[in-house]
Structures are given as structure tokens and as C-alpha cells.
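Listing of input_7.cif; format and content: mmCIF, C-alpha atoms.
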data_work
loop_
_atom_site.label_atom_id
_atom_site.label_comp_id
_atom_site.auth_asym_id
_atom_site.auth_seq_id
_atom_site.Cartn_x
_atom_site.Cartn_y
_atom_site.Cartn_z
CA MET A 1449 93.43 143.63 59.22
CA THR A 1450 96.63 145.58 59.43
CA SER A 1451 96.66 149.29 58.92
CA SER A 1452 99.72 149.81 56.74
CA THR A 1453 102.81 148.19 55.28
CA ASP A 1454 106.34 149.56 55.40
CA CYS A 1455 108.85 148.13 52.92
CA PHE A 1456 112.60 147.69 53.41
CA ASP A 1457 115.55 145.76 51.98
CA ILE A 1458 116.30 143.99 55.24
CA ILE A 1459 114.23 143.58 58.40
CA VAL A 1460 116.08 142.64 61.58
CA VAL A 1461 113.95 141.33 64.41
CA GLY A 1462 115.61 141.71 67.81
CA ALA A 1463 118.12 144.32 68.97
CA GLY A 1464 120.42 142.24 71.14
CA PRO A 1465 124.12 141.97 70.20
CA ALA A 1466 123.41 139.86 67.08
CA GLY A 1467 120.51 141.94 65.77
CA ALA A 1468 122.10 145.31 66.60
CA MET A 1469 125.33 144.27 64.89
CA ALA A 1470 123.50 142.94 61.82
CA ALA A 1471 121.47 146.15 61.45
CA HIS A 1472 124.54 148.33 62.01
CA THR A 1473 126.51 146.40 59.39
CA ALA A 1474 123.75 146.31 56.78
CA ALA A 1475 123.00 150.02 57.25
CA GLY A 1476 126.71 150.66 56.73
CA TYR A 1477 126.43 148.92 53.36
CA GLY A 1478 123.68 151.36 52.43
CA ARG A 1479 120.79 148.94 52.66
CA ARG A 1480 117.33 150.13 53.73
CA VAL A 1481 117.18 148.46 57.13
CA CYS A 1482 114.46 148.25 59.73
CA ILE A 1483 115.29 146.89 63.20
CA ILE A 1484 112.40 145.96 65.45
CA ASP A 1485 112.62 145.17 69.17
CA ARG A 1486 109.94 144.26 71.66
CA HIS A 1487 111.42 146.26 74.50
CA SER A 1488 110.96 149.99 75.02
CA GLU A 1489 114.69 150.42 75.70
CA VAL A 1490 117.26 148.56 73.61
CA GLY A 1491 119.73 146.57 75.70
CA THR A 1492 117.42 146.09 78.67
CA PRO A 1493 116.73 144.16 80.75
CA VAL A 1494 120.25 142.74 80.92
CA ARG A 1495 119.97 138.96 81.35
CA CYS A 1496 123.67 138.31 81.13
CA GLY A 1497 126.93 138.20 83.09
CA GLU A 1498 128.27 140.84 80.65
CA GLY A 1499 131.70 139.17 80.60
CA ILE A 1500 133.67 138.89 77.36
CA GLY A 1501 137.27 138.25 76.37
CA PHE A 1502 139.04 141.01 74.48
CA LYS A 1503 140.02 138.67 71.65
CA GLY A 1504 136.47 137.48 71.06
CA PHE A 1505 135.09 141.00 71.08
CA SER A 1506 137.69 142.62 68.89
CA ARG A 1507 137.13 140.12 66.09
CA SER A 1508 133.92 141.96 65.27
CA LEU A 1509 133.98 145.37 66.85
CA THR A 1510 136.28 147.99 68.32
CA LEU A 1511 135.68 148.12 72.03
CA ARG A 1512 134.65 151.64 73.06
CA PRO A 1513 135.97 152.81 76.45
CA GLU A 1514 132.50 153.93 77.52
CA TRP A 1515 131.23 150.35 77.22
CA ILE A 1516 133.84 148.95 79.61
CA LEU A 1517 132.70 148.72 83.21
CA SER A 1518 135.78 146.87 84.41
CA SER A 1519 138.48 144.51 83.27
CA PHE A 1520 140.02 141.51 84.91
CA SER A 1521 143.00 139.29 84.27
CA GLN A 1522 142.65 137.17 87.42
CA VAL A 1523 140.16 134.36 87.86
CA THR A 1524 139.84 132.02 90.81
CA MET A 1525 138.07 128.73 90.23
CA HIS A 1526 136.55 127.05 93.29
CA SER A 1527 136.06 123.28 93.30
CA PRO A 1528 133.15 121.54 95.06
CA SER A 1529 135.26 120.98 98.19
CA LYS A 1530 136.43 124.62 98.04
CA LYS A 1531 139.87 123.99 96.59
CA ARG A 1532 141.04 127.10 94.80
CA VAL A 1533 142.71 127.27 91.42
CA ALA A 1534 144.07 130.72 90.67
CA LEU A 1535 144.71 131.95 87.14
CA LYS A 1536 146.69 135.12 87.64
CA ASP A 1537 147.59 136.29 84.20
CA ILE A 1538 144.92 135.34 81.69
CA ASP A 1539 144.10 137.29 78.52
CA ALA A 1540 142.22 140.48 79.35
CA SER A 1541 138.51 140.04 79.88
CA TYR A 1542 135.98 142.80 80.25
CA ILE A 1543 132.68 143.38 81.90
CA ILE A 1544 130.82 145.44 79.37
CA ASP A 1545 127.77 147.59 79.85
CA ARG A 1546 125.26 146.02 77.51
CA SER A 1547 122.71 148.66 78.36
CA ARG A 1548 125.06 151.09 76.56
CA MET A 1549 126.61 148.92 73.84
CA GLU A 1550 123.44 147.78 72.11
CA PRO A 1551 121.72 151.20 72.15
CA ASP A 1552 124.92 152.74 70.73
CA LEU A 1553 125.05 150.21 67.88
CA VAL A 1554 121.38 150.76 67.11
CA GLU A 1555 121.81 154.55 67.27
CA ASP A 1556 124.72 154.32 64.85
CA ALA A 1557 122.59 152.18 62.52
CA GLN A 1558 119.90 154.85 62.75
CA LYS A 1559 122.43 157.56 61.83
CA LEU A 1560 123.29 155.45 58.80
CA GLY A 1561 119.64 155.51 57.79
CA ALA A 1562 118.10 152.49 59.56
CA THR A 1563 114.56 152.69 60.86
CA VAL A 1564 114.33 151.71 64.52
CA ILE A 1565 111.03 150.44 65.91
CA LYS A 1566 110.81 149.80 69.67
CA SER A 1567 108.08 148.41 71.94
CA THR A 1568 106.89 146.25 69.07
CA THR A 1569 106.59 142.47 68.95
CA ILE A 1570 106.43 140.60 65.68
CA ILE A 1571 103.73 138.01 66.24
CA ALA A 1572 103.68 136.32 62.84
CA VAL A 1573 105.77 136.13 59.70
CA SER A 1574 105.06 134.64 56.30
CA ARG A 1575 106.60 134.71 52.86
CA THR A 1576 104.60 135.76 49.83
CA ASP A 1577 104.77 134.18 46.38
CA THR A 1578 107.00 137.04 45.29
CA GLY A 1579 109.52 136.19 48.02
CA MET A 1580 108.69 139.07 50.36
CA TYR A 1581 108.63 138.45 54.11
CA GLU A 1582 105.63 140.03 55.79
CA CYS A 1583 106.12 140.55 59.51
CA VAL A 1584 102.96 141.37 61.41
CA SER A 1585 103.30 143.23 64.69
CA ASP A 1586 101.19 143.40 67.81
CA THR A 1587 100.66 147.05 66.88
CA GLN A 1588 98.77 145.88 63.78
CA LYS A 1589 101.46 147.02 61.36
CA THR A 1590 103.09 144.98 58.62
CA PHE A 1591 106.78 145.29 57.78
CA SER A 1592 107.87 143.84 54.49
CA ALA A 1593 111.28 142.98 52.98
CA PRO A 1594 112.87 140.32 50.76
CA CYS A 1595 115.46 139.63 53.47
CA LEU A 1596 114.75 138.84 57.11
CA ILE A 1597 117.37 138.50 59.85
CA ILE A 1598 115.92 136.71 62.85
CA ALA A 1599 117.69 137.72 66.06
CA ASP A 1600 114.86 137.40 68.55
CA GLY A 1601 116.89 135.60 71.20
CA ILE A 1602 116.61 132.31 73.01
CA GLU A 1603 112.84 132.69 73.13
CA SER A 1604 112.74 132.86 69.31
CA ARG A 1605 109.45 131.79 67.84
CA LEU A 1606 109.69 133.53 64.47
CA ALA A 1607 111.99 130.82 63.11
CA SER A 1608 109.26 128.24 63.62
CA PHE A 1609 106.89 130.18 61.33
CA LEU A 1610 109.39 129.64 58.53
CA GLY A 1611 109.92 125.91 59.07
CA TRP A 1612 112.86 125.81 61.48
CA ASN A 1613 112.64 123.63 64.56
CA THR A 1614 114.80 125.35 67.16
CA THR A 1615 113.27 123.73 70.25
CA LEU A 1616 116.00 123.11 72.81
CA ALA A 1617 116.28 119.84 74.69
CA PRO A 1618 116.72 120.52 78.44
CA THR A 1619 120.16 118.88 78.16
CA ASP A 1620 121.15 121.66 75.73
CA LEU A 1621 120.10 124.56 77.92
CA GLU A 1622 121.46 126.27 81.01
CA THR A 1623 118.67 127.87 83.02
CA CYS A 1624 120.09 130.88 84.85
CA ALA A 1625 119.43 133.35 87.63
CA ILE A 1626 121.36 136.62 87.70
CA ALA A 1627 121.71 139.25 90.41
CA ARG A 1628 123.49 142.55 90.67
CA VAL A 1629 124.91 142.94 94.14
CA SER A 1630 126.58 145.65 96.16
CA ALA A 1631 129.11 144.35 98.67
CA PRO A 1632 132.24 145.96 100.15
CA SER A 1633 134.02 142.60 99.80
CA ILE A 1634 133.81 142.62 95.97
CA ASP A 1635 137.32 142.96 94.64
CA ASN A 1636 137.62 144.81 91.35
CA GLY A 1637 139.74 143.10 88.72
CA HIS A 1638 139.18 139.58 90.04
CA ALA A 1639 136.48 137.16 88.86
CA HIS A 1640 135.40 133.96 90.63
CA LEU A 1641 133.86 130.77 89.28
CA TYR A 1642 132.35 128.09 91.54
CA PHE A 1643 131.61 124.50 90.54
CA GLY A 1644 129.76 121.63 92.18
CA SER A 1645 126.63 119.51 91.93
CA THR A 1646 125.12 121.12 95.01
CA LEU A 1647 125.90 124.73 94.11
CA ALA A 1648 125.01 124.58 90.41
CA PRO A 1649 124.19 121.12 88.97
CA GLY A 1650 125.62 120.85 85.45
CA GLY A 1651 126.59 124.52 85.46
CA TYR A 1652 128.54 127.01 87.54
CA VAL A 1653 128.31 130.20 89.53
CA TRP A 1654 130.11 133.36 88.38
CA ILE A 1655 131.04 136.55 90.17
CA PHE A 1656 132.06 139.26 87.70
CA PRO A 1657 133.05 142.58 89.30
CA ARG A 1658 131.45 145.65 87.69
CA LYS A 1659 133.55 147.93 89.91
CA ALA A 1660 134.95 147.75 93.43
CA GLY A 1661 132.01 146.87 95.66
CA GLU A 1662 129.61 145.84 92.87
CA ALA A 1663 129.29 142.63 90.85
CA ASN A 1664 127.13 140.58 88.54
CA VAL A 1665 126.55 137.25 90.25
CA GLY A 1666 124.93 134.52 88.21
CA LEU A 1667 124.24 130.82 88.33
CA GLY A 1668 123.41 128.32 85.61
CA VAL A 1669 121.83 124.89 86.05
CA LEU A 1670 121.66 122.33 83.23
CA GLY A 1671 117.99 122.23 82.18
CA SER A 1672 117.74 118.47 82.62
CA ARG A 1673 118.94 118.78 86.23
CA SER A 1674 116.72 121.69 87.17
CA SER A 1675 113.31 121.92 88.77
CA ALA A 1676 110.82 124.74 89.10
CA GLY A 1677 112.59 127.85 90.41
CA LYS A 1678 115.82 126.04 91.27
CA PRO A 1679 118.31 128.54 89.74
CA MET A 1680 116.93 131.52 91.64
CA LYS A 1681 116.70 129.57 94.92
CA LEU A 1682 120.30 128.35 94.53
CA LEU A 1683 121.54 131.83 93.62
CA ARG A 1684 119.99 133.43 96.70
CA SER A 1685 121.46 130.70 98.94
CA PHE A 1686 124.86 131.15 97.31
CA ILE A 1687 124.88 134.91 97.84
CA GLN A 1688 123.81 134.51 101.45
CA GLU A 1689 126.59 132.02 102.16
CA TYR A 1690 129.45 133.28 100.00
CA ILE A 1691 128.88 137.06 99.90
CA PRO A 1692 127.22 137.64 103.27
CA ASP A 1693 127.70 141.42 103.06
CA ALA A 1694 125.83 141.60 99.74
CA ILE A 1695 122.78 143.69 99.09
CA ILE A 1696 120.92 142.46 96.02
CA THR A 1697 119.97 145.48 93.94
CA ASN A 1698 118.53 143.73 90.93
CA GLU A 1699 117.43 140.19 90.03
CA HIS A 1700 116.71 138.70 86.63
CA CYS A 1701 116.64 135.34 85.01
CA GLY A 1702 117.33 133.94 81.58
CA SER A 1703 118.82 130.97 79.86
CA VAL A 1704 121.64 130.04 77.56
CA PRO A 1705 121.60 127.48 74.73
CA VAL A 1706 124.51 125.03 75.12
CA GLY A 1707 123.93 122.67 72.22
CA PRO A 1708 125.01 122.70 68.58
CA TYR A 1709 124.01 125.69 66.47
CA VAL A 1710 120.99 125.35 64.18
CA LYS A 1711 122.13 123.33 61.20
CA ASN A 1712 120.73 125.38 58.33
CA LEU A 1713 121.17 129.01 59.24
CA VAL A 1714 119.52 130.22 56.03
CA ARG A 1715 116.11 129.43 54.56
CA GLY A 1716 115.01 131.29 51.47
CA GLY A 1717 115.78 134.93 52.25
CA ALA A 1718 115.83 134.49 56.03
CA LEU A 1719 118.92 134.21 58.24
CA LEU A 1720 119.10 133.08 61.87
CA VAL A 1721 121.63 134.76 64.18
CA GLY A 1722 122.70 134.81 67.83
CA ASP A 1723 120.82 132.95 70.56
CA ALA A 1724 117.96 132.37 68.10
CA ALA A 1725 120.45 130.32 66.05
CA ARG A 1726 121.82 128.75 69.28
CA GLN A 1727 125.27 130.28 68.58
CA VAL A 1728 127.02 130.11 71.95
CA ASP A 1729 130.26 128.76 73.40
CA CYS A 1730 128.97 125.62 75.11
CA LEU A 1731 131.79 125.40 77.67
CA HIS A 1732 131.30 128.75 79.38
CA GLY A 1733 127.95 129.77 77.92
CA GLY A 1734 129.26 133.10 76.62
CA GLY A 1735 127.30 134.32 73.65
CA ILE A 1736 128.20 137.99 73.10
CA ALA A 1737 131.30 137.38 70.95
CA TYR A 1738 129.50 134.74 68.87
CA SER A 1739 126.46 136.97 68.42
CA LEU A 1740 128.50 140.00 67.35
CA TYR A 1741 130.43 137.88 64.87
CA ALA A 1742 127.30 136.20 63.47
CA GLY A 1743 125.42 139.52 63.29
CA LYS A 1744 128.25 141.19 61.40
CA LEU A 1745 128.63 138.24 59.04
CA ALA A 1746 124.87 138.01 58.38
CA GLY A 1747 124.63 141.79 57.85
CA ARG A 1748 127.44 141.71 55.31
CA VAL A 1749 126.27 138.61 53.46
CA ALA A 1750 122.67 139.87 53.31
CA SER A 1751 123.79 143.27 52.02
CA ASN A 1752 125.96 141.72 49.31
CA ALA A 1753 123.04 139.58 48.13
CA PHE A 1754 121.48 142.71 46.65
CA VAL A 1755 122.94 142.92 43.18
CA GLN A 1756 121.79 145.54 40.69
CA GLY A 1757 118.39 145.89 42.31
CA ASN A 1758 117.83 142.14 42.66
CA PHE A 1759 117.98 140.11 45.87
CA LEU A 1760 119.79 136.85 45.19
CA THR A 1761 118.99 134.34 47.94
CA ALA A 1762 121.63 131.89 46.64
CA LYS A 1763 124.27 134.35 47.85
CA LEU A 1764 123.08 133.94 51.46
CA LYS A 1765 124.55 130.44 51.66
CA SER A 1766 127.97 131.90 52.35
CA TYR A 1767 126.66 132.95 55.80
CA THR A 1768 126.22 129.29 56.82
CA ARG A 1769 129.48 128.33 55.14
CA GLU A 1770 131.61 131.07 56.71
CA TRP A 1771 130.05 130.54 60.14
CA ALA A 1772 130.62 126.76 59.98
CA SER A 1773 134.25 127.10 59.01
CA ASP A 1774 135.07 129.57 61.78
CA LEU A 1775 133.25 130.04 65.09
CA GLY A 1776 130.80 127.29 64.18
CA LYS A 1777 133.65 124.80 64.26
CA GLN A 1778 134.80 126.19 67.60
CA GLN A 1779 131.26 125.89 68.99
CA LEU A 1780 131.01 122.22 68.02
CA ARG A 1781 134.32 121.57 69.77
CA THR A 1782 133.03 123.21 72.94
CA TYR A 1783 129.83 121.18 72.63
CA ALA A 1784 131.74 117.89 72.42
CA LEU A 1785 133.79 118.81 75.51
CA LYS A 1786 130.79 120.13 77.45
CA LYS A 1787 128.90 116.87 77.01
CA VAL A 1788 131.68 115.09 78.90
CA LEU A 1789 132.34 117.85 81.40
CA VAL A 1790 128.76 117.98 82.74
CA ASP A 1791 129.06 114.34 83.77
CA PHE A 1792 132.18 114.89 85.88
CA SER A 1793 131.52 114.04 89.51
CA ASP A 1794 132.40 116.44 92.33
CA LYS A 1795 135.23 114.05 93.23
CA GLN A 1796 136.65 114.28 89.72
CA LEU A 1797 136.42 118.09 89.75
CA ASP A 1798 138.21 118.16 93.12
CA GLY A 1799 140.91 115.88 91.70
CA ILE A 1800 141.49 118.25 88.77
CA ALA A 1801 141.57 121.24 91.14
CA THR A 1802 144.13 119.50 93.38
CA VAL A 1803 146.52 119.01 90.47
CA LEU A 1804 146.03 122.53 89.12
CA SER A 1805 146.31 124.21 92.51
CA ARG A 1806 149.92 123.00 92.73
CA GLN A 1807 150.86 124.81 89.52
CA ASN A 1808 152.14 128.34 89.19
CA PRO A 1809 149.03 130.58 88.93
CA SER A 1810 150.84 132.97 86.56
CA ALA A 1811 151.50 130.11 84.12
CA LEU A 1812 147.92 128.78 84.14
CA ASN A 1813 145.37 129.63 81.48
CA TYR A 1814 142.00 128.29 80.34
CA MET A 1815 143.64 125.96 77.82
CA LYS A 1816 145.77 124.33 80.52
CA VAL A 1817 142.70 123.95 82.73
CA HIS A 1818 140.86 122.21 79.90
CA MET A 1819 143.85 120.00 79.13
CA GLN A 1820 143.96 118.89 82.76
CA ALA A 1821 140.19 118.39 82.87
CA PHE A 1822 140.25 116.13 79.84
CA VAL A 1823 143.60 114.45 80.45
CA LYS A 1824 141.81 111.13 80.93
CA HIS A 1825 139.91 111.62 77.69
CA PRO A 1826 142.75 112.02 75.15
CA ILE A 1827 140.74 110.65 72.26
CA LEU A 1828 137.94 113.10 72.95
CA LEU A 1829 140.42 115.95 73.07
CA ILE A 1830 141.93 114.95 69.76
CA LYS A 1831 138.48 114.56 68.20
CA ALA A 1832 137.34 117.90 69.54
CA PHE A 1833 140.34 119.75 68.25
CA LEU A 1834 140.24 118.07 64.87
CA LEU A 1835 136.50 118.49 64.57
CA SER A 1836 135.41 119.87 61.26
CA ARG A 1837 132.35 119.64 59.08
CA MET B 409 89.87 117.41 87.40
CA THR B 410 91.80 118.50 84.29
CA LYS B 411 94.95 120.48 84.90
CA SER B 412 96.09 123.41 82.81
CA LEU B 413 99.32 125.35 82.63
CA HIS B 414 99.27 128.51 84.70
CA ILE B 415 101.74 131.44 84.60
CA HIS B 416 102.23 133.31 87.86
CA LYS B 417 102.51 136.83 86.48
CA THR B 418 104.08 138.32 89.59
CA ARG B 419 106.96 135.85 89.42
CA CYS B 420 107.44 135.69 85.63
CA ASP B 421 110.41 137.76 84.39
CA GLU B 422 109.50 137.11 80.73
CA CYS B 423 112.92 135.60 80.04
CA GLY B 424 111.50 133.19 77.45
CA THR B 425 113.17 130.03 78.74
CA CYS B 426 109.80 128.27 78.59
CA LEU B 427 109.37 129.21 74.93
CA ALA B 428 112.82 127.84 74.10
CA VAL B 429 112.02 124.33 75.35
CA CYS B 430 108.32 123.97 74.52
CA PRO B 431 108.08 121.28 71.82
CA HIS B 432 104.49 122.23 70.97
CA ARG B 433 104.76 126.01 70.55
CA ALA B 434 102.18 126.30 73.31
CA LEU B 435 103.66 129.47 74.79
CA VAL B 436 103.21 132.77 73.04
CA LEU B 437 105.11 135.96 73.67
CA THR B 438 103.47 139.28 72.97
CA LYS B 439 103.46 141.95 75.67
CA SER B 440 103.67 139.08 78.16
CA ILE B 441 103.86 135.30 77.93
CA VAL B 442 100.55 133.49 77.56
CA VAL B 443 99.59 129.83 77.23
CA ASP B 444 97.85 128.51 74.14
CA ASP B 445 95.71 125.82 75.78
CA SER B 446 94.86 124.27 72.43
CA ARG B 447 98.53 123.36 71.94
CA CYS B 448 99.69 122.61 75.49
CA VAL B 449 99.95 118.88 76.27
CA ARG B 450 100.94 119.52 79.93
CA CYS B 451 104.32 117.79 79.51
CA ALA B 452 105.74 120.12 82.20
CA THR B 453 109.07 120.63 80.42
CA CYS B 454 108.68 124.40 80.80
CA ILE B 455 107.84 124.08 84.51
CA LYS B 456 111.08 122.24 85.26
CA VAL B 457 113.36 124.72 83.50
CA CYS B 458 111.72 127.97 84.61
CA PRO B 459 114.47 129.74 86.61
CA VAL B 460 112.02 131.42 88.97
CA GLY B 461 109.25 128.82 89.26
CA ALA B 462 106.65 130.96 87.53
CA LEU B 463 104.80 128.05 85.91
CA SER B 464 102.64 125.31 87.41
CA LEU B 465 99.83 122.96 86.54
CA GLU B 466 96.62 124.05 88.23
CA ASP B 467 93.08 122.75 88.21
CA ALA B 468 91.43 124.05 85.08
CA LYS B 469 88.56 126.45 85.55
CA SER B 470 85.32 124.92 84.37
#
Take the structure in the file and give it back as C-alpha cells.
Amino acid sequence: MTSSTDCFDIIVVGAGPAGAMAAHTAAGYGRRVCIIDRHSEVGTPVRCGEGIGFKGFSRSLTLRPEWILSSFSQVTMHSPSKKRVALKDIDASYIIDRSRMEPDLVEDAQKLGATVIKSTTIIAVSRTDTGMYECVSDTQKTFSAPCLIIADGIESRLASFLGWNTTLAPTDLETCAIARVSAPSIDNGHAHLYFGSTLAPGGYVWIFPRKAGEANVGLGVLGSRSSAGKPMKLLRSFIQEYIPDAIITNEHCGSVPVGPYVKNLVRGGALLVGDAARQVDCLHGGGIAYSLYAGKLAGRVASNAFVQGNFLTAKLKSYTREWASDLGKQQLRTYALKKVLVDFSDKQLDGIATVLSRQNPSALNYMKVHMQAFVKHPILLIKAFLLSR
Amino acid sequence: MTKSLHIHKTRCDECGTCLAVCPHRALVLTKSIVVDDSRCVRCATCIKVCPVGALSLEDAKS
């Protein structure tokens, strides 16, 4: 028995980038929004490298200076045999403080009238005959609304209550370990990426500086090439060998979906967003830009489905359509390329690095790196860049 | 002896990777992650992908 029911227009479950953005957007449209998160503090724990390109971010949101921990325009890629490829003048990328960004978005939603419920897990959801979603919490409360935005992360289980199968194959998942380290040798403004089947099978290691002397260091292993505890073991060995002056101040783990996004993003009055919808760039595993975009889109589409007091579920279809024609298309391209890239041998990666290391670092960018990586797969490249649904 | 899936609470960071790959919805997240023994088929998919090695098959308690 539950003790009481609270009714809203839109319930958002999960206050990560996708959920926070969806709630913020829908509240801005004047909808009665409730956002529910299982953690006591929104935005924590941070299970993320916190890196994002300026272009990706600014598509959905104005970057606030207080969210920026550092910026970098230099990246050095390290091949398995330690050949270095320097990219000296890439588009600006930022390390953002997610423990500030998400709480700020949720606080803004609250100022716009949203109800914020923390420390609460939704353990079951069902839809009544009248089309209302009833979300039951571990605190024995029921939250009810005709529209439900599911943003409960990679661990999403709510979607399965409503008929989605979002189970990830281990080949479509990067299992990750993340550490925050203090080390005098950390150079602000310069990120490093390391590749190789020994260091990070089917994935890579990243060092993203948070400031001089402090960095997020993370490592992803393709799920199908992992074994119990492998990412954390590999990360600790990496730090010991490559950043010997490091003191680990914080360790976490997590995972990133690197497959196609969930095909039908809308069912009835429910929308899937962010990691729960498997919306991630499959080449680098970055999900913040995709999540912000999807959250904003879902928040807008859901809000506009309320017409003269009625909630018209047919109007939600434009969320799937707009996603598919924009970042969805980009994600499927990255997925096609990633499937080939993970099978590159260390020798092939070294060969690519040898060619690139001879080029002018100021003229190199990610696109040129990809072009070189896939130069022996021209048909794949053409397919990937023409890919559409 | 029958084996059952065991979560080492001191190691588990509650990241949810196990939930993402479980094909049988045998892991449940509330305040912490728990195993639903009635659903678990001991396929070990979750064990292999756990980033910190917080899952293992142990002899079931009688």
C-alpha cells in the first residue's frame, strides 16, 4: 500500500544531464514537472571524465563560467608502442564540473516551479487504463502523470517495466574505472589519450586535466574483452606506471553504452533519454552533449504535446524523428566506425600513429585522425558518412 | 553444491553496469543492488563486466 499520490504533467526520473535538461526545459514551458533522483545530492557521484567539446555543449545550453574547470586545445594520442601523435590546435574542449552543472539545472527547474525529489528510487512503474503513469517509490509514495521521461542512466530498469528491452550486449558496452588524481606533473590545458590491447582492450585511457596538478584519469575496456575487476586493476597499474607522482584522491567506476540508440524512443506517453536510451557517441564514449540535446528535445516535445488541457501522445513521435535525423544519425555513424576500430591490432594502431606523427600537429584534427585510421576502409567511410535512416 | 550470485558490498560502487547487461532482470537497484535469485540463471555476464570485481558465484547457503 502506498500512502499518497502526487499528480503532475510530466515526471522525469533521473537527474543526470538528460533528466536535468528535460525537467529544466519542460518547467520553462510552464508544465507541472516532478524530477526524481535516487541520490541525495544531484550530480554525484561523478562517474565520468567530464570532458566535452564546446560545439557539442553549446548546441543545447550556454556554458556558464562557473561550470568550467579547465579547457584544453591540445591532445596527445599515444599508440601501443608509445608513438605520440600531437594535435595542437583542436576545437576548444572543456572539463566541466558536473557536480555543479546538474544541481544548477535542477535548481533552475525548481525556480520555474518544478518539484524536486531526492534520495528516492522509483522501483516500479505502470500505466493505468486512463493513460496515467504511476511511479512507485521505495519511500512508499506514488507519483502520477500522463507523461514520463525516463532518464535513469545506464542502469535503467524502468524502461523494461514498459516493454522496452534495453539490455546491452557486452560488445556494446565500455566498462570503466575512473580516478581523480593529484600529481605535480599534470599539465593544465593538455589532454592525453592512450591506446593498446594491453593498456585498455577495446577502449582507451584518458587523462583530462581539471587544473594544474589535478586530473580525471579514466580507462574503458570493451565489455566482451573484460573480466571481473579488470578496468580498475588496469587503471591502477596505468597510474602507477605513467603518472608515478600521482596520489589517487577518489576512485569510481561506471560504464558507457557504445551501441546503437534504442530504436523506439517513445512508447505511449513515455520517452527514453540519455544513457537510458543508449544515446552516446560510440567512438569516444562521450555522452554529455548527446544527453543534453536529447533532454532538451524531449522536454520541448513533451511540453508541446499538452494542447488545451489534453495530452496528445501522437505528438511525442517527433522526439524520435528529430533525434534520428540529427544526433541519432551521427551516433549510428560513430557506431559503424567503432565496430571496425575495436578490431584494429596494436600493429595497425602503431602504423596509423607513425603516419600521423609525421604531420604538422597544428594542422591535425580528429577528422584527419579518423580519415587516416579508416584509409584502408574507404567503403566503410563512405557508408558511415552517408548513413541515414 | 549450487552456486548463487553474490555481491561484495564493500567493493560495489553501485555503478549499475551489471544491471545494464543482465538479460534476465535479475539485479534490482533500490538503496543498493540486490540479486533476485528467482530470476538469476548464473550466466556470469555481470561478473565479467563489473569494473571492480564486486560480483562472484559462491556456494549457495542451504
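Atom CA of Ser1529 of chain A lies 26.1 Å from atom CA of Tyr1783 of chain A.
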message: Which residues are near segment 1556-1559 of chain A? Cut-off 10 Å, only C-alpha atoms, ignore same chain within fewer than 3 positions. Put them as an NGL selection string.
response: :A and (1468-1476 or 1481-1483 or 1550-1553 or 1562-1564)
query: Mind listing as a ChimeraX atom specification which residues of chain A are within 8 Å of chain B, counting only C-alpha atoms?
result: /A:1486,1495,1569-1571,1586,1602-1605,1614-1618,1623-1625,1671-1672,1674-1681,1700-1703
- prompt: In Å, with one decimal, what is the gap from atom CA of Asp1539 of chain A to atom CA of Gly1743 of chain A?
  reply: 24.2 Å
message: Between atom CA of Lys1531 of chain A and atom CA of Leu1641 of chain A, what is the distance in Å, rounded to a tenth?
response: 11.6 Å
Skipping near chain neighbours, those fewer than 4 positions away, what residues fall within 10 Å of Lys411 of chain B using only C-alpha atoms, listed as a PDB file with C-alpha atoms, keeping the file's coordinate frame?
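The new file around-v9.pdb reads:
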ATOM      1  CA  ARG B 450     100.940 119.520  79.930  1.00  0.00           C
ATOM      2  CA  SER B 464     102.640 125.310  87.410  1.00  0.00           C
ATOM      3  CA  LEU B 465      99.830 122.960  86.540  1.00  0.00           C
ATOM      4  CA  GLU B 466      96.620 124.050  88.230  1.00  0.00           C
ATOM      5  CA  ASP B 467      93.080 122.750  88.210  1.00  0.00           C
ATOM      6  CA  ALA B 468      91.430 124.050  85.080  1.00  0.00           C
ATOM      7  CA  LYS B 469      88.560 126.450  85.550  1.00  0.00           C
TER       8      LYS B 469
END
task: Any chance you could resolve the PyMOL selection byres ((chain A and resi 1515-1521) around 9) against this file and give the residues as a PyMOL selection string?
output: chain A and resi 1511-1514+1522-1523+1535-1549+1636-1639+1656-1659
message: Can you spell out as JSON, numbers by chain the set of residues that the PyMOL selection byres ((chain B and resi 443) around 8) selects in the structure I just provided?
response: {"B": [413, 414, 415, 434, 435, 436, 441, 442, 444, 445, 448]}
